[in-house]
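The next block is entry35.cif, given as mmCIF, C-alpha atoms and all ligand atoms.
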```cif
data_structure
loop_
_atom_site.label_atom_id
_atom_site.label_comp_id
_atom_site.auth_asym_id
_atom_site.auth_seq_id
_atom_site.Cartn_x
_atom_site.Cartn_y
_atom_site.Cartn_z
CA MET A 1 -15.24 -28.48 -0.86
CA GLN A 2 -12.78 -26.54 1.30
CA LYS A 3 -11.16 -23.74 -0.71
CA VAL A 4 -7.38 -23.33 -0.82
CA ALA A 5 -5.77 -19.89 -0.49
CA VAL A 6 -2.07 -19.16 -1.10
CA ILE A 7 -0.65 -15.95 0.37
CA THR A 8 2.82 -14.57 -0.22
CA GLY A 9 4.32 -12.24 2.38
CA ALA A 10 1.95 -14.05 4.75
CA ALA A 11 4.05 -13.86 7.90
CA SER A 12 3.42 -10.20 8.72
CA GLY A 13 1.06 -7.27 8.22
CA ILE A 14 -1.54 -7.47 5.44
CA GLY A 15 -0.51 -11.02 4.50
CA ARG A 16 -1.05 -12.22 8.05
CA GLY A 17 -4.42 -10.43 8.10
CA LEU A 18 -5.44 -12.24 4.91
CA ALA A 19 -4.29 -15.61 6.23
CA GLU A 20 -6.25 -15.16 9.46
CA ARG A 21 -9.39 -14.11 7.58
CA PHE A 22 -9.24 -16.95 5.03
CA ALA A 23 -8.59 -19.50 7.81
CA ALA A 24 -11.54 -18.08 9.78
CA GLU A 25 -13.67 -18.55 6.65
CA GLY A 26 -12.78 -22.25 6.72
CA MET A 27 -10.23 -22.26 3.90
CA LYS A 28 -7.00 -24.22 3.83
CA VAL A 29 -4.17 -21.70 3.77
CA VAL A 30 -0.70 -21.88 2.29
CA LEU A 31 1.65 -19.37 3.89
CA ALA A 32 4.68 -18.25 1.89
CA ASP A 33 7.35 -15.91 3.24
CA VAL A 34 11.10 -15.47 3.61
CA GLU A 35 10.92 -14.65 7.31
CA GLU A 36 11.12 -18.09 8.92
CA GLU A 37 10.46 -17.20 12.54
CA SER A 38 7.27 -15.21 11.98
CA LEU A 39 6.14 -17.75 9.37
CA ALA A 40 6.49 -20.57 11.94
CA LYS A 41 4.64 -18.48 14.52
CA LEU A 42 1.67 -17.83 12.22
CA ASP A 43 1.63 -21.51 11.20
CA ALA A 44 1.44 -22.51 14.88
CA ASP A 45 -1.15 -19.83 15.75
CA LEU A 46 -3.51 -20.85 12.92
CA LYS A 47 -3.09 -24.56 13.63
CA ALA A 48 -3.91 -23.89 17.29
CA GLU A 49 -7.21 -22.44 16.07
CA GLY A 50 -7.91 -25.62 14.12
CA ALA A 51 -7.02 -24.37 10.62
CA THR A 52 -5.44 -26.52 7.94
CA VAL A 53 -2.18 -24.77 7.13
CA LEU A 54 0.95 -25.33 5.09
CA ALA A 55 3.92 -22.99 5.58
CA ILE A 56 6.52 -22.88 2.83
CA LYS A 57 9.61 -20.71 3.02
CA THR A 58 9.52 -18.88 -0.30
CA ASP A 59 11.50 -16.02 -1.79
CA VAL A 60 9.04 -14.61 -4.34
CA SER A 61 11.81 -12.94 -6.33
CA ASN A 62 13.02 -16.42 -7.28
CA ALA A 63 11.05 -18.11 -10.09
CA ASP A 64 12.03 -21.63 -8.98
CA ALA A 65 10.92 -20.94 -5.41
CA VAL A 66 7.48 -19.76 -6.59
CA GLU A 67 7.19 -22.76 -8.92
CA ASN A 68 7.99 -24.96 -5.89
CA LEU A 69 5.25 -23.14 -3.94
CA ALA A 70 2.72 -24.06 -6.64
CA VAL A 71 3.91 -27.68 -6.83
CA GLN A 72 3.79 -28.11 -3.03
CA THR A 73 0.35 -26.50 -2.81
CA LEU A 74 -1.11 -28.85 -5.42
CA ASP A 75 0.67 -31.86 -3.91
CA ALA A 76 -0.68 -31.12 -0.43
CA PHE A 77 -4.18 -29.88 -1.19
CA GLY A 78 -4.89 -30.91 -4.81
CA ALA A 79 -6.16 -27.46 -5.83
CA VAL A 80 -5.73 -23.71 -5.48
CA HIS A 81 -8.61 -21.22 -5.49
CA ILE A 82 -7.15 -17.92 -4.24
CA LEU A 83 -3.66 -16.58 -4.85
CA CYS A 84 -2.62 -13.40 -3.04
CA ASN A 85 0.59 -12.02 -4.54
CA ASN A 86 1.20 -9.80 -1.55
CA ALA A 87 4.90 -9.83 -0.54
CA GLY A 88 6.43 -6.38 -0.80
CA VAL A 89 9.28 -4.16 0.39
CA VAL A 90 10.11 -0.46 0.27
CA CYS A 91 13.36 1.45 0.11
CA SER A 92 13.42 5.23 -0.11
CA ARG A 93 15.70 7.95 -1.40
CA PRO A 94 15.62 10.32 -4.39
CA ILE A 95 15.23 8.17 -7.47
CA TRP A 96 18.61 9.05 -9.06
CA GLU A 97 20.45 8.09 -5.84
CA HIS A 98 19.24 4.48 -5.75
CA THR A 99 21.85 1.79 -6.30
CA LEU A 100 21.38 -1.06 -8.76
CA ALA A 101 20.99 -3.33 -5.73
CA ASP A 102 18.07 -1.16 -4.51
CA TRP A 103 16.36 -1.48 -7.92
CA GLU A 104 16.98 -5.23 -8.12
CA TRP A 105 15.73 -5.87 -4.58
CA VAL A 106 12.51 -3.83 -4.73
CA LEU A 107 11.55 -4.75 -8.30
CA GLY A 108 12.55 -8.36 -7.58
CA VAL A 109 10.09 -8.71 -4.71
CA ASN A 110 7.30 -6.29 -5.66
CA LEU A 111 7.07 -6.80 -9.43
CA TRP A 112 8.92 -10.03 -10.32
CA GLY A 113 7.28 -11.67 -7.29
CA VAL A 114 3.87 -11.04 -8.84
CA ILE A 115 5.09 -12.07 -12.30
CA HIS A 116 6.42 -15.37 -10.92
CA GLY A 117 3.13 -15.94 -9.07
CA ILE A 118 1.12 -15.48 -12.24
CA ARG A 119 3.41 -17.67 -14.36
CA ALA A 120 3.34 -20.48 -11.79
CA PHE A 121 -0.34 -20.42 -10.80
CA VAL A 122 -2.48 -19.18 -13.72
CA PRO A 123 -1.84 -22.20 -15.99
CA ARG A 124 -2.68 -24.50 -13.06
CA MET A 125 -5.87 -22.56 -12.29
CA LEU A 126 -6.88 -22.69 -15.97
CA ALA A 127 -6.33 -26.46 -16.06
CA GLN A 128 -8.31 -26.87 -12.85
CA GLY A 129 -11.35 -24.97 -14.16
CA ASP A 130 -12.83 -24.15 -10.68
CA ALA A 131 -13.71 -20.55 -9.78
CA CYS A 132 -10.44 -18.87 -8.81
CA HIS A 133 -9.28 -15.43 -7.65
CA ILE A 134 -5.95 -13.68 -7.93
CA VAL A 135 -5.40 -10.72 -5.60
CA ASN A 136 -2.31 -8.68 -6.42
CA THR A 137 -1.23 -6.23 -3.73
CA ALA A 138 -0.27 -2.91 -5.33
CA SER A 139 -0.77 0.32 -3.35
CA ILE A 140 -2.38 3.72 -3.72
CA LEU A 141 1.17 4.57 -4.87
CA GLY A 142 0.52 2.33 -7.88
CA LEU A 143 -2.11 4.84 -9.02
CA VAL A 144 -0.42 8.19 -8.43
CA GLY A 145 2.81 10.00 -9.36
CA GLY A 146 4.71 12.72 -7.53
CA SER A 147 7.92 12.65 -5.52
CA GLY A 148 9.16 9.90 -3.20
CA GLU A 149 9.20 6.11 -3.15
CA GLY A 150 10.37 6.00 -6.80
CA ILE A 151 11.25 2.33 -7.20
CA TYR A 152 8.27 1.32 -5.09
CA LYS A 153 5.93 3.37 -7.30
CA VAL A 154 7.47 1.92 -10.48
CA SER A 155 6.88 -1.58 -9.09
CA LYS A 156 3.32 -0.89 -7.95
CA HIS A 157 2.29 0.84 -11.21
CA GLY A 158 3.64 -2.31 -12.88
CA VAL A 159 1.48 -4.49 -10.63
CA VAL A 160 -1.62 -2.42 -11.47
CA VAL A 161 -1.20 -2.61 -15.25
CA LEU A 162 -0.16 -6.25 -15.06
CA SER A 163 -3.38 -6.96 -13.14
CA GLU A 164 -5.50 -4.97 -15.61
CA THR A 165 -3.99 -6.88 -18.54
CA LEU A 166 -4.37 -10.23 -16.81
CA ALA A 167 -8.02 -9.53 -15.94
CA ASP A 168 -8.91 -8.52 -19.53
CA GLU A 169 -7.07 -11.42 -21.13
CA LEU A 170 -8.67 -13.96 -18.78
CA ALA A 171 -12.09 -12.41 -19.45
CA GLN A 172 -11.53 -12.65 -23.23
CA LYS A 173 -10.73 -16.32 -22.74
CA GLU A 174 -13.88 -16.69 -20.59
CA ALA A 175 -11.67 -18.20 -17.90
CA ASN A 176 -13.17 -18.88 -14.49
CA ILE A 177 -10.55 -16.68 -12.80
CA GLN A 178 -11.21 -13.22 -11.39
CA VAL A 179 -8.41 -10.75 -10.80
CA HIS A 180 -8.33 -8.04 -8.12
CA VAL A 181 -5.76 -5.36 -7.41
CA LEU A 182 -5.42 -4.12 -3.85
CA CYS A 183 -4.51 -0.42 -3.56
CA PRO A 184 -4.31 0.54 0.12
CA GLY A 185 -3.14 3.72 1.78
CA TRP A 186 -1.31 3.46 5.13
CA VAL A 187 -1.77 0.15 6.93
CA ARG A 188 -0.19 -0.68 10.33
CA THR A 189 2.44 -3.28 9.32
CA GLY A 190 6.18 -3.91 9.28
CA ILE A 191 6.73 -2.36 5.82
CA LEU A 192 8.94 0.49 7.12
CA ASP A 193 11.31 -2.18 8.45
CA SER A 194 11.51 -3.96 5.08
CA ALA A 195 15.31 -3.97 5.20
CA ARG A 196 15.07 -6.81 7.74
CA ASN A 197 14.48 -9.15 4.79
CA ARG A 198 16.96 -7.68 2.33
CA PRO A 199 19.22 -10.49 1.09
CA ASP A 200 22.98 -10.33 1.64
CA THR A 201 23.56 -10.49 -2.11
CA LEU A 202 21.63 -7.24 -2.62
CA GLN A 203 23.07 -5.19 0.25
CA ASN A 204 24.67 -1.92 -0.81
CA GLN A 205 28.42 -2.28 -1.02
CA LYS A 206 29.59 0.89 0.67
CA VAL A 207 28.32 2.85 3.65
CA GLU A 208 25.64 4.99 2.08
CA ALA A 209 25.26 8.73 2.56
CA PRO A 210 21.82 9.58 3.96
CA PRO A 211 19.29 10.50 1.27
CA SER A 212 19.81 14.08 0.04
CA GLN A 213 16.06 14.70 0.23
CA GLU A 214 13.45 13.44 2.62
CA THR A 215 11.13 10.81 1.16
CA LEU A 216 7.78 9.69 2.56
CA ALA A 217 8.77 6.23 3.80
CA GLY A 218 12.07 7.62 5.05
CA SER A 219 10.53 10.56 6.90
CA ARG A 220 10.11 11.00 10.62
CA ASN A 221 6.37 11.32 10.04
CA ALA A 222 6.06 7.98 8.28
CA ARG A 223 5.86 5.95 11.48
CA THR A 224 3.29 8.34 12.94
CA GLU A 225 1.21 8.08 9.76
CA MET A 226 1.51 4.32 9.80
CA GLU A 227 0.46 4.07 13.43
CA ALA A 228 -2.69 6.00 12.48
CA GLY A 229 -3.24 3.67 9.52
CA MET A 230 -5.77 0.92 8.94
CA SER A 231 -5.45 -2.47 10.62
CA PRO A 232 -4.49 -5.49 8.47
CA LYS A 233 -7.70 -7.12 9.67
CA GLU A 234 -9.76 -4.32 8.09
CA VAL A 235 -7.78 -4.60 4.83
CA ALA A 236 -8.45 -8.34 4.81
CA ALA A 237 -12.18 -7.60 5.17
CA HIS A 238 -12.01 -5.31 2.10
CA VAL A 239 -10.27 -8.09 0.16
CA TYR A 240 -12.74 -10.74 1.27
CA ASN A 241 -15.68 -8.51 0.27
CA ALA A 242 -14.08 -7.73 -3.11
CA ILE A 243 -13.77 -11.46 -3.78
CA GLN A 244 -17.46 -11.91 -2.93
CA THR A 245 -18.59 -8.98 -5.09
CA GLY A 246 -16.11 -9.41 -7.97
CA THR A 247 -14.58 -5.94 -7.44
CA PHE A 248 -11.39 -5.37 -9.44
CA TYR A 249 -9.85 -2.21 -7.89
CA ILE A 250 -9.85 -2.62 -4.11
CA HIS A 251 -9.76 0.87 -2.54
CA THR A 252 -9.36 0.68 1.22
CA HIS A 253 -8.97 4.46 1.61
CA PRO A 254 -11.58 6.11 -0.65
CA GLU A 255 -10.36 9.56 0.43
CA HIS A 256 -7.26 8.97 -1.73
CA LYS A 257 -9.33 8.65 -4.91
CA ALA A 258 -8.96 12.44 -5.29
CA TRP A 259 -5.20 11.93 -5.87
CA VAL A 260 -5.94 9.50 -8.70
CA ARG A 261 -8.49 11.86 -10.26
CA GLU A 262 -6.01 14.74 -10.05
CA ARG A 263 -3.30 12.68 -11.80
CA MET A 264 -5.67 11.56 -14.55
CA GLU A 265 -6.79 15.15 -15.13
CA ARG A 266 -3.14 16.27 -15.38
CA ILE A 267 -2.48 13.54 -17.94
CA LEU A 268 -5.52 14.49 -20.01
CA GLU A 269 -4.68 18.19 -19.92
N1 LIG A 301 1.63 -1.03 5.00
C1 LIG A 301 1.18 -0.18 4.12
O1 LIG A 301 0.91 0.99 4.46
C2 LIG A 301 0.97 -0.59 2.69
C3 LIG A 301 0.26 0.27 1.84
C4 LIG A 301 0.05 -0.11 0.51
C5 LIG A 301 0.54 -1.32 0.06
N2 LIG A 301 1.23 -2.15 0.91
C6 LIG A 301 1.72 -3.42 0.38
O2 LIG A 301 1.23 -4.47 1.17
C7 LIG A 301 2.05 -5.62 0.98
C8 LIG A 301 2.34 -6.27 2.32
O3 LIG A 301 3.19 -5.42 3.07
P1 LIG A 301 2.93 -5.04 4.59
O4 LIG A 301 2.61 -3.61 4.64
O5 LIG A 301 2.02 -6.02 5.19
O6 LIG A 301 4.42 -5.17 5.17
P2 LIG A 301 5.10 -6.26 6.13
O7 LIG A 301 6.56 -5.94 6.11
O8 LIG A 301 4.40 -6.31 7.43
O9 LIG A 301 4.82 -7.62 5.35
C9 LIG A 301 5.50 -7.93 4.14
C10 LIG A 301 5.86 -9.42 4.18
O10 LIG A 301 6.56 -9.73 2.95
C11 LIG A 301 7.62 -10.60 3.30
N3 LIG A 301 8.67 -10.58 2.27
C12 LIG A 301 9.63 -9.64 2.05
N4 LIG A 301 10.44 -10.03 1.06
C13 LIG A 301 9.97 -11.22 0.62
C14 LIG A 301 10.38 -12.13 -0.40
N5 LIG A 301 11.46 -11.88 -1.17
N6 LIG A 301 9.67 -13.25 -0.58
C15 LIG A 301 8.60 -13.54 0.22
N7 LIG A 301 8.17 -12.74 1.21
C16 LIG A 301 8.85 -11.58 1.39
C17 LIG A 301 8.11 -10.10 4.64
O11 LIG A 301 8.87 -11.08 5.34
C18 LIG A 301 6.80 -9.77 5.34
O12 LIG A 301 6.30 -10.88 6.06
C19 LIG A 301 3.28 -5.14 0.23
O13 LIG A 301 3.18 -5.50 -1.13
C20 LIG A 301 3.22 -3.64 0.40
O14 LIG A 301 3.88 -2.96 -0.64
C21 LIG A 301 1.46 -1.81 2.21
#
```
Since I need it in another form, could you write the structure as structure tokens?
Amino acid sequence: MQKVAVITGAASGIGRGLAERFAAEGMKVVLADVEEESLAKLDADLKAEGATVLAIKTDVSNADAVENLAVQTLDAFGAVHILCNNAGVVCSRPIWEHTLADWEWVLGVNLWGVIHGIRAFVPRMLAQGDACHIVNTASILGLVGGSGEGIYKVSKHGVVVLSETLADELAQKEANIQVHVLCPGWVRTGILDSARNRPDTLQNQKVEAPPSQETLAGSRNARTEMEAGMSPKEVAAHVYNAIQTGTFYIHTHPEHKAWVRERMERILE
């Protein structure tokens, strides 16, 4: 039976890498994103390669939209086997300078998007009973502290602990669903241009002063670091392998494990 994979934030970067890999593995893929043009392009590209694809414009911060994604997936393909809660955005300035709109936007996509995905898909996966996988995209910044990317880090730490809880609770229930949390370092994607998808309702009202301190994603070096980062294709290979091996924490950049160890040691001290 052909497996069905649903990917949010599929139209660009890591999501596109996952979609291409799953399609190449012979799966049916459901592409969910807010960015219509790039979503249509990926849909056409994958279909041209012979893949079975369904593209659904979806704002993951909206519970009804994610519920609709689940309904349409089941209507079209009758099952779901892999859910990648991957859509994400970043917005950077010192944490006390963020507006409420900044908090609502970033937490809405990065954390509520994952929450909506779990609420819509887990009950359907449980009812289905087939072997299923949920891959939540966090970040190495979901495992460390320090300055910069405050809202983003809050959201990604939330995704990590949400994934840990989900995995343990599903295991206690002996459910046929494995959970994975993806924690990459720099990957060459469009994440530094996240504002392209910021909704009008969550734009900042006044012309903002520039951040009073430099933050990582806002820094001149960020684009250079990103250009030296991993390709989405390589990240997708890590994810595919983790699904095969049942690996929970997906580390794409093992050199960053030292940061996690250092944080844990500070906590324990
Ligand atoms: N690029 C990196 O260095 C890096 C590192 C660690 C984690 N991540 C995470 O990887 C994930 C994918 O990001 P990326 O780096 O590929 O960036 P990207 O900007 O290339 O892709 C993100 C996708 O999410 C979509 N999106 C934005 N808001 C959305 C919404 N409300 N609903 C649905 N889709 C929405 C965008 O249209 C885009 O297609 C994010 O969760 C990000 O936080 C990225």
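Distances to ligand LIG 301 (chain A) were evaluated for A:Ala70, A:Ala127, A:Leu166, A:Ala195 using only C-alpha atoms and all ligand atoms, and the minimum falls at A:Ala195.
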Check which residues fall inside 7 Å of ligand LIG 301 (chain A) when counting only C-alpha atoms and all ligand atoms, and print them as a VMD selection string. chain A and resid 8 to 15 32 to 35 58 to 61 86 to 90 109 to 110 137 to 140 183 to 194 197 226
Rank A:His157, A:Lys233, A:His251, A:Arg16 by their smallest atom-to-atom distance to Leu141 (chain A), using only C-alpha atoms, and report the top residue only. A:His157
What separates CA of Met27 (chain A) and CA of Gln2 (chain A) is a distance of 5.6 Å
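The two atoms in question, CA of Thr201 (chain A) and CA of Trp105 (chain A), are spaced 9.4 Å apart.
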Separation of CA of Val80 (chain A) and CA of Ser155 (chain A), in Å?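 These atoms are spaced 25.7 Å apart.
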Taking into account all atoms listed in the file, which residue in the set A:Lys3, A:Lys47, A:Arg223, A:Arg93 is nearest to His133 (chain A)? A:Lys3
Expected axis-aligned box over every listed atom of region 232-238 of chain A, 5 Å added per side, centre plus edges in Å to one decimal, as AutoDock Vina command-line options:
```
--center_x -8.3 --center_y -6.3 --center_z 5.9 --size_x 17.7 --size_y 14.0 --size_z 17.6
```
Leaving out region 169-177 of chain A and any residue of its chain fewer than 4 positions from it, which residues lie within 12 Å of it when counting only C-alpha atoms, given as a ChimeraX atom specification? /A:80-83,118,121-135,162-165,243,246,248
